[in-house]
Amino acid sequence: MDLAKQIGPNAETNGRRRAVGLLARAMTDELRAAWDKLPAKPEVKPVRGPETGLVMVRGRIGGGGAPFNLGEATVTRATVLLASGTAGHGQALGTSKDNVRLAAIFDALWQEVGTRDFVETTLLAPIEARIAAEDKQKAEETAATRVDFFTMVRGDD
Amino acid sequence: MYVAVKGGEAAINNAHRLLADRRRGDRSLPSVTIEQIVEQLGLAVDRVMAEASLFDRALAALAVRQSRGDMIEAIFLLRAYRTTLPRFGSSVPVDTAAMKVERRVSATYKDLPGGQLLGPTFDYTHRLLDPSLLTDEPVDEPERRDTPEEHIMRVSDILAHEGLIEPDGEFSEDHQAGDITREPMEFPMSRDLRLQALARGDEGFLLALGYSTQRGYGRNHPFVGEIRIGEVEIEIEVAELDFAVSLGRIQVTECQMVNQFKGSSKAPPQFTRGYGLVFGQSERKAMSMSLVDRALRAEELGEDITAPAQDEEFVISHSDNVQATGFVEHLKLPHYVDFQAELALVRRMRSDIEAARNGVKGGLQEAAE
């Protein structure tokens, strides 16, 4: 029990962090399909947005030194409230308002005990699998362009 | 007397209508889509994002389409759009060491952890026009190979391990990264501000300056320690959540230039560095940026400032192509009144000289009489 108390909040934070990160990468089709599959559509109250703005992307001098401002990126975000009082936040690079509104709803649903499993299996797992497959493909395509140096033996001895 | 001149409204409207027509071109051809520009003219899109200082591929492609492919016009459009949006905050600094690498080469080490990964490069192509691209021939899928479980180590870390290279640029604890989009530029400028200006600077201008250092105008003896291209995670702190939220990934190009070593009576010699980081895939820009970054550190490193590339105020004040094009191109706008004033002045000077000449002649005559 003590152990659960110690790791509980951390595991919850990490889980939410993972969910929010995956929702940011969700494609419109994936979000829509999951919404369509929802057995009972929740009552959703918009609290903020969806609104598009900027985030200043920072780099580090020399790669690991002091931060500097590299340039901005478009970001869209939304906050919604379920009838139960659970707030959900959606945010992603780009300008898709539909996506972040749905992401916010699914973030809220992920926090609810009754719907977390649905969000995990219908939405997050497929997104995670897609990203892993895309990363693997890219990494393998890049690996094929790796230079294999060999030494030419010159002369007779 | 100043007389306001009006008119031209119909001409301007019709000119814009004509522009829209010429932009569309031959109607019997299909219109190019935003997705096609993003996918097939990706490096043009990347340049627009880098120099507009705004990462958004779809909007940059829209700008390219709207500007008929005029890059600086596209950059201008995207910069202007940027000013209409509120800023939600700043990202956690991106971790380029954790980049999903698509290309990574080093000119200083042949065998290094992670290897030389060429990626989708123009290098080693023969620069022969490819007639197969005149038509829509099918293109082979890329080769694949299993990925080794090997960390793609930074070259600067390899050298740093032995203390042979200066550390990544640091400031004192209380230094806040400056922002040229929020505060007016002042010289001398700290390196963080210079890097921000260079990251949005004109590729051609920085290329020429970088080239000038190689030709001896502020030589700094560069080696490409490493170039890496790939995706980095963008994370932001959100007030409502107690962790940094991932917003997705963006592609960047990073160049670590290893330069001329320096030592003193107190410190043993070690290599110095120049740094380049650019939105999208743009190796030329990242390399140029790192050459110019290094050149601009002349004063910090106790070098003589003898060349244009080392002159901070000259470089930074002229690197922004939106500013530059604004001032150069404004010359074509009506200057009728200014010019009339100058014309009147030249006429008066000439008549004064004429009068003085006649007067002098007259004066001499008077004196003689």
# chains A, B, ... in the order shown; residues from 1 in each chain; ligands from 1
>>> residues_around(residues="stretch 81-87 of chain A", least_positions_apart="4", cutoff="8 Å", atoms="only C-alpha atoms", output="list in words")
Pro42, Glu43, Val44, Lys45, Pro46, Val47, Ile105, Ala108, Gln111 and Glu112 of chain A
>>> write_last_selection(atoms="N, CA and C atoms", output="PDB file, in the first residue's frame")
ATOM      1  N   PRO A  42     -20.045  11.441 -24.806  1.00  0.00           N
ATOM      2  CA  PRO A  42     -20.109  12.229 -23.577  1.00  0.00           C
ATOM      3  C   PRO A  42     -20.648  13.631 -23.843  1.00  0.00           C
ATOM      4  N   GLU A  43     -21.158  14.235 -22.804  1.00  0.00           N
ATOM      5  CA  GLU A  43     -21.574  15.627 -22.899  1.00  0.00           C
ATOM      6  C   GLU A  43     -20.320  16.471 -22.684  1.00  0.00           C
ATOM      7  N   VAL A  44     -20.016  17.315 -23.636  1.00  0.00           N
ATOM      8  CA  VAL A  44     -18.753  18.059 -23.589  1.00  0.00           C
ATOM      9  C   VAL A  44     -19.019  19.559 -23.594  1.00  0.00           C
ATOM     10  N   LYS A  45     -18.380  20.246 -22.659  1.00  0.00           N
ATOM     11  CA  LYS A  45     -18.513  21.705 -22.616  1.00  0.00           C
ATOM     12  C   LYS A  45     -17.164  22.310 -23.003  1.00  0.00           C
ATOM     13  N   PRO A  46     -17.124  23.128 -24.040  1.00  0.00           N
ATOM     14  CA  PRO A  46     -15.842  23.756 -24.361  1.00  0.00           C
ATOM     15  C   PRO A  46     -15.481  24.805 -23.309  1.00  0.00           C
ATOM     16  N   VAL A  47     -14.241  24.795 -22.872  1.00  0.00           N
ATOM     17  CA  VAL A  47     -13.796  25.762 -21.868  1.00  0.00           C
ATOM     18  C   VAL A  47     -12.897  26.805 -22.519  1.00  0.00           C
ATOM     19  N   ILE A 105     -11.081  15.918 -25.651  1.00  0.00           N
ATOM     20  CA  ILE A 105     -12.164  15.043 -25.154  1.00  0.00           C
ATOM     21  C   ILE A 105     -11.583  13.685 -24.743  1.00  0.00           C
ATOM     22  N   ALA A 108      -9.739  13.774 -21.537  1.00  0.00           N
ATOM     23  CA  ALA A 108     -10.664  13.733 -20.401  1.00  0.00           C
ATOM     24  C   ALA A 108     -11.186  12.308 -20.190  1.00  0.00           C
ATOM     25  N   GLN A 111      -8.881  10.003 -18.457  1.00  0.00           N
ATOM     26  CA  GLN A 111      -8.778  10.189 -17.002  1.00  0.00           C
ATOM     27  C   GLN A 111      -9.930   9.534 -16.247  1.00  0.00           C
ATOM     28  N   GLU A 112     -11.004   9.234 -16.940  1.00  0.00           N
ATOM     29  CA  GLU A 112     -12.160   8.610 -16.283  1.00  0.00           C
ATOM     30  C   GLU A 112     -11.960   7.091 -16.255  1.00  0.00           C
TER      31      GLU A 112
END
>>> interface_residues(of="chain B", to="chain A", cutoff="6 Å", atoms="only C-alpha atoms", output="MDAnalysis selection string")
chainID B and resid 53:55 85:91 93:94 102 116:119 143:147 168:170 177 192 196 246:248 275
>>> write_last_selection(atoms="N, CA and C atoms", output="tab-separated table (two decimals), in the first residue's frame")
chain	number	residue	atom	x	y	z
B	53	SER	N	10.88	31.89	-40.06
B	53	SER	CA	10.98	31.64	-38.63
B	53	SER	C	9.66	31.10	-38.08
B	54	LEU	N	8.99	30.28	-38.89
B	54	LEU	CA	7.73	29.67	-38.45
B	54	LEU	C	7.64	28.27	-39.03
B	55	PHE	N	7.57	27.28	-38.13
B	55	PHE	CA	7.46	25.91	-38.60
B	55	PHE	C	6.00	25.55	-38.81
B	85	LEU	N	-0.78	35.87	-34.79
B	85	LEU	CA	-1.09	34.84	-33.79
B	85	LEU	C	-0.51	35.19	-32.42
B	86	PRO	N	-1.24	34.82	-31.37
B	86	PRO	CA	-0.69	35.01	-30.02
B	86	PRO	C	0.37	33.95	-29.74
B	87	ARG	N	1.27	34.26	-28.83
B	87	ARG	CA	2.27	33.25	-28.46
B	87	ARG	C	1.85	32.58	-27.16
B	88	PHE	N	1.76	31.26	-27.21
B	88	PHE	CA	1.33	30.50	-26.02
B	88	PHE	C	2.48	30.29	-25.04
B	89	GLY	N	3.70	30.29	-25.54
B	89	GLY	CA	4.83	30.07	-24.64
B	89	GLY	C	6.05	29.63	-25.41
B	90	SER	N	7.06	29.20	-24.65
B	90	SER	CA	8.30	28.72	-25.26
B	90	SER	C	8.45	27.24	-25.00
B	91	SER	N	9.09	26.56	-25.92
B	91	SER	CA	9.28	25.12	-25.76
B	91	SER	C	10.42	24.86	-24.78
B	93	PRO	N	13.96	23.52	-24.42
B	93	PRO	CA	14.95	23.46	-25.50
B	93	PRO	C	15.01	22.07	-26.15
B	94	VAL	N	15.03	22.03	-27.48
B	94	VAL	CA	15.00	20.73	-28.16
B	94	VAL	C	16.29	19.97	-27.89
B	102	GLU	N	17.86	11.11	-39.70
B	102	GLU	CA	17.63	10.66	-41.08
B	102	GLU	C	18.89	10.78	-41.92
B	116	GLN	N	28.37	6.74	-40.56
B	116	GLN	CA	28.08	7.79	-41.54
B	116	GLN	C	26.78	7.38	-42.23
B	117	LEU	N	25.74	8.15	-41.99
B	117	LEU	CA	24.42	7.83	-42.57
B	117	LEU	C	24.11	8.89	-43.63
B	118	LEU	N	24.13	8.49	-44.89
B	118	LEU	CA	24.00	9.50	-45.95
B	118	LEU	C	22.59	10.07	-46.06
B	119	GLY	N	21.59	9.22	-45.83
B	119	GLY	CA	20.22	9.72	-45.93
B	119	GLY	C	19.90	10.20	-47.34
B	143	GLU	N	15.68	1.09	-50.22
B	143	GLU	CA	16.22	-0.12	-49.59
B	143	GLU	C	16.05	0.01	-48.08
B	144	ARG	N	16.00	-1.15	-47.42
B	144	ARG	CA	15.96	-1.12	-45.95
B	144	ARG	C	17.05	-2.02	-45.41
B	145	ARG	N	17.47	-1.71	-44.22
B	145	ARG	CA	18.45	-2.57	-43.55
B	145	ARG	C	18.16	-2.53	-42.06
B	146	ASP	N	18.42	-3.63	-41.37
B	146	ASP	CA	18.17	-3.66	-39.93
B	146	ASP	C	18.97	-2.57	-39.25
B	147	THR	N	18.37	-1.96	-38.24
B	147	THR	CA	19.07	-0.87	-37.56
B	147	THR	C	19.85	-1.42	-36.39
B	168	ASP	N	29.99	23.39	-25.07
B	168	ASP	CA	28.86	24.07	-25.68
B	168	ASP	C	28.77	25.45	-25.05
B	169	GLY	N	28.30	26.42	-25.82
B	169	GLY	CA	28.26	27.79	-25.33
B	169	GLY	C	27.37	27.94	-24.11
B	170	GLU	N	27.90	28.50	-23.06
B	170	GLU	CA	27.12	28.71	-21.83
B	170	GLU	C	27.11	30.19	-21.47
B	177	ALA	N	17.46	33.87	-22.34
B	177	ALA	CA	17.61	33.90	-23.79
B	177	ALA	C	16.84	35.09	-24.35
B	192	ASP	N	23.28	34.10	-28.18
B	192	ASP	CA	21.94	33.52	-28.34
B	192	ASP	C	21.10	34.34	-29.32
B	196	GLN	N	19.66	33.34	-33.13
B	196	GLN	CA	18.26	33.50	-33.53
B	196	GLN	C	18.18	34.27	-34.86
B	246	SER	N	4.16	16.94	-24.75
B	246	SER	CA	4.70	16.83	-26.10
B	246	SER	C	3.67	17.34	-27.11
B	247	LEU	N	4.14	18.16	-28.04
B	247	LEU	CA	3.25	18.71	-29.07
B	247	LEU	C	3.43	17.99	-30.40
B	248	GLY	N	4.41	17.11	-30.45
B	248	GLY	CA	4.74	16.45	-31.72
B	248	GLY	C	6.20	16.68	-32.04
B	275	TYR	N	28.16	26.95	-34.52
B	275	TYR	CA	26.95	26.13	-34.41
B	275	TYR	C	25.88	26.60	-35.39
>>> select_by_dssp(residues="stretch 207-366 of chain B", states="helix (DSSP H, G or I)", output="PyMOL selection string")
chain B and resi 207-214+283-295+308-310+312-318+321-332+336-366
>>> residues_around(residues="stretch 120-128 of chain A", least_positions_apart="2", cutoff="7 Å", atoms="only C-alpha atoms", output="ChimeraX atom specification")
/A:19,22,26,30,34,116-118,130-132
>>> residues_around(residues="B:Thr108", least_positions_apart="4", cutoff="10 Å", atoms="only C-alpha atoms", output="VMD selection string")
chain B and resid 112 155 223 to 226 257 to 258
>>> residues_around(residues="B:Leu207", least_positions_apart="6", cutoff="10 Å", atoms="only C-alpha atoms", output="list in words")
Arg284, Lys285, Ala286, Met287, Ser288, Met289, Leu291 and Val292 of chain B
>>> select_by_dssp(residues="chain A", states="strand (DSSP E)", output="number ranges by chain")
A: 44-60, 67-82, 87-93
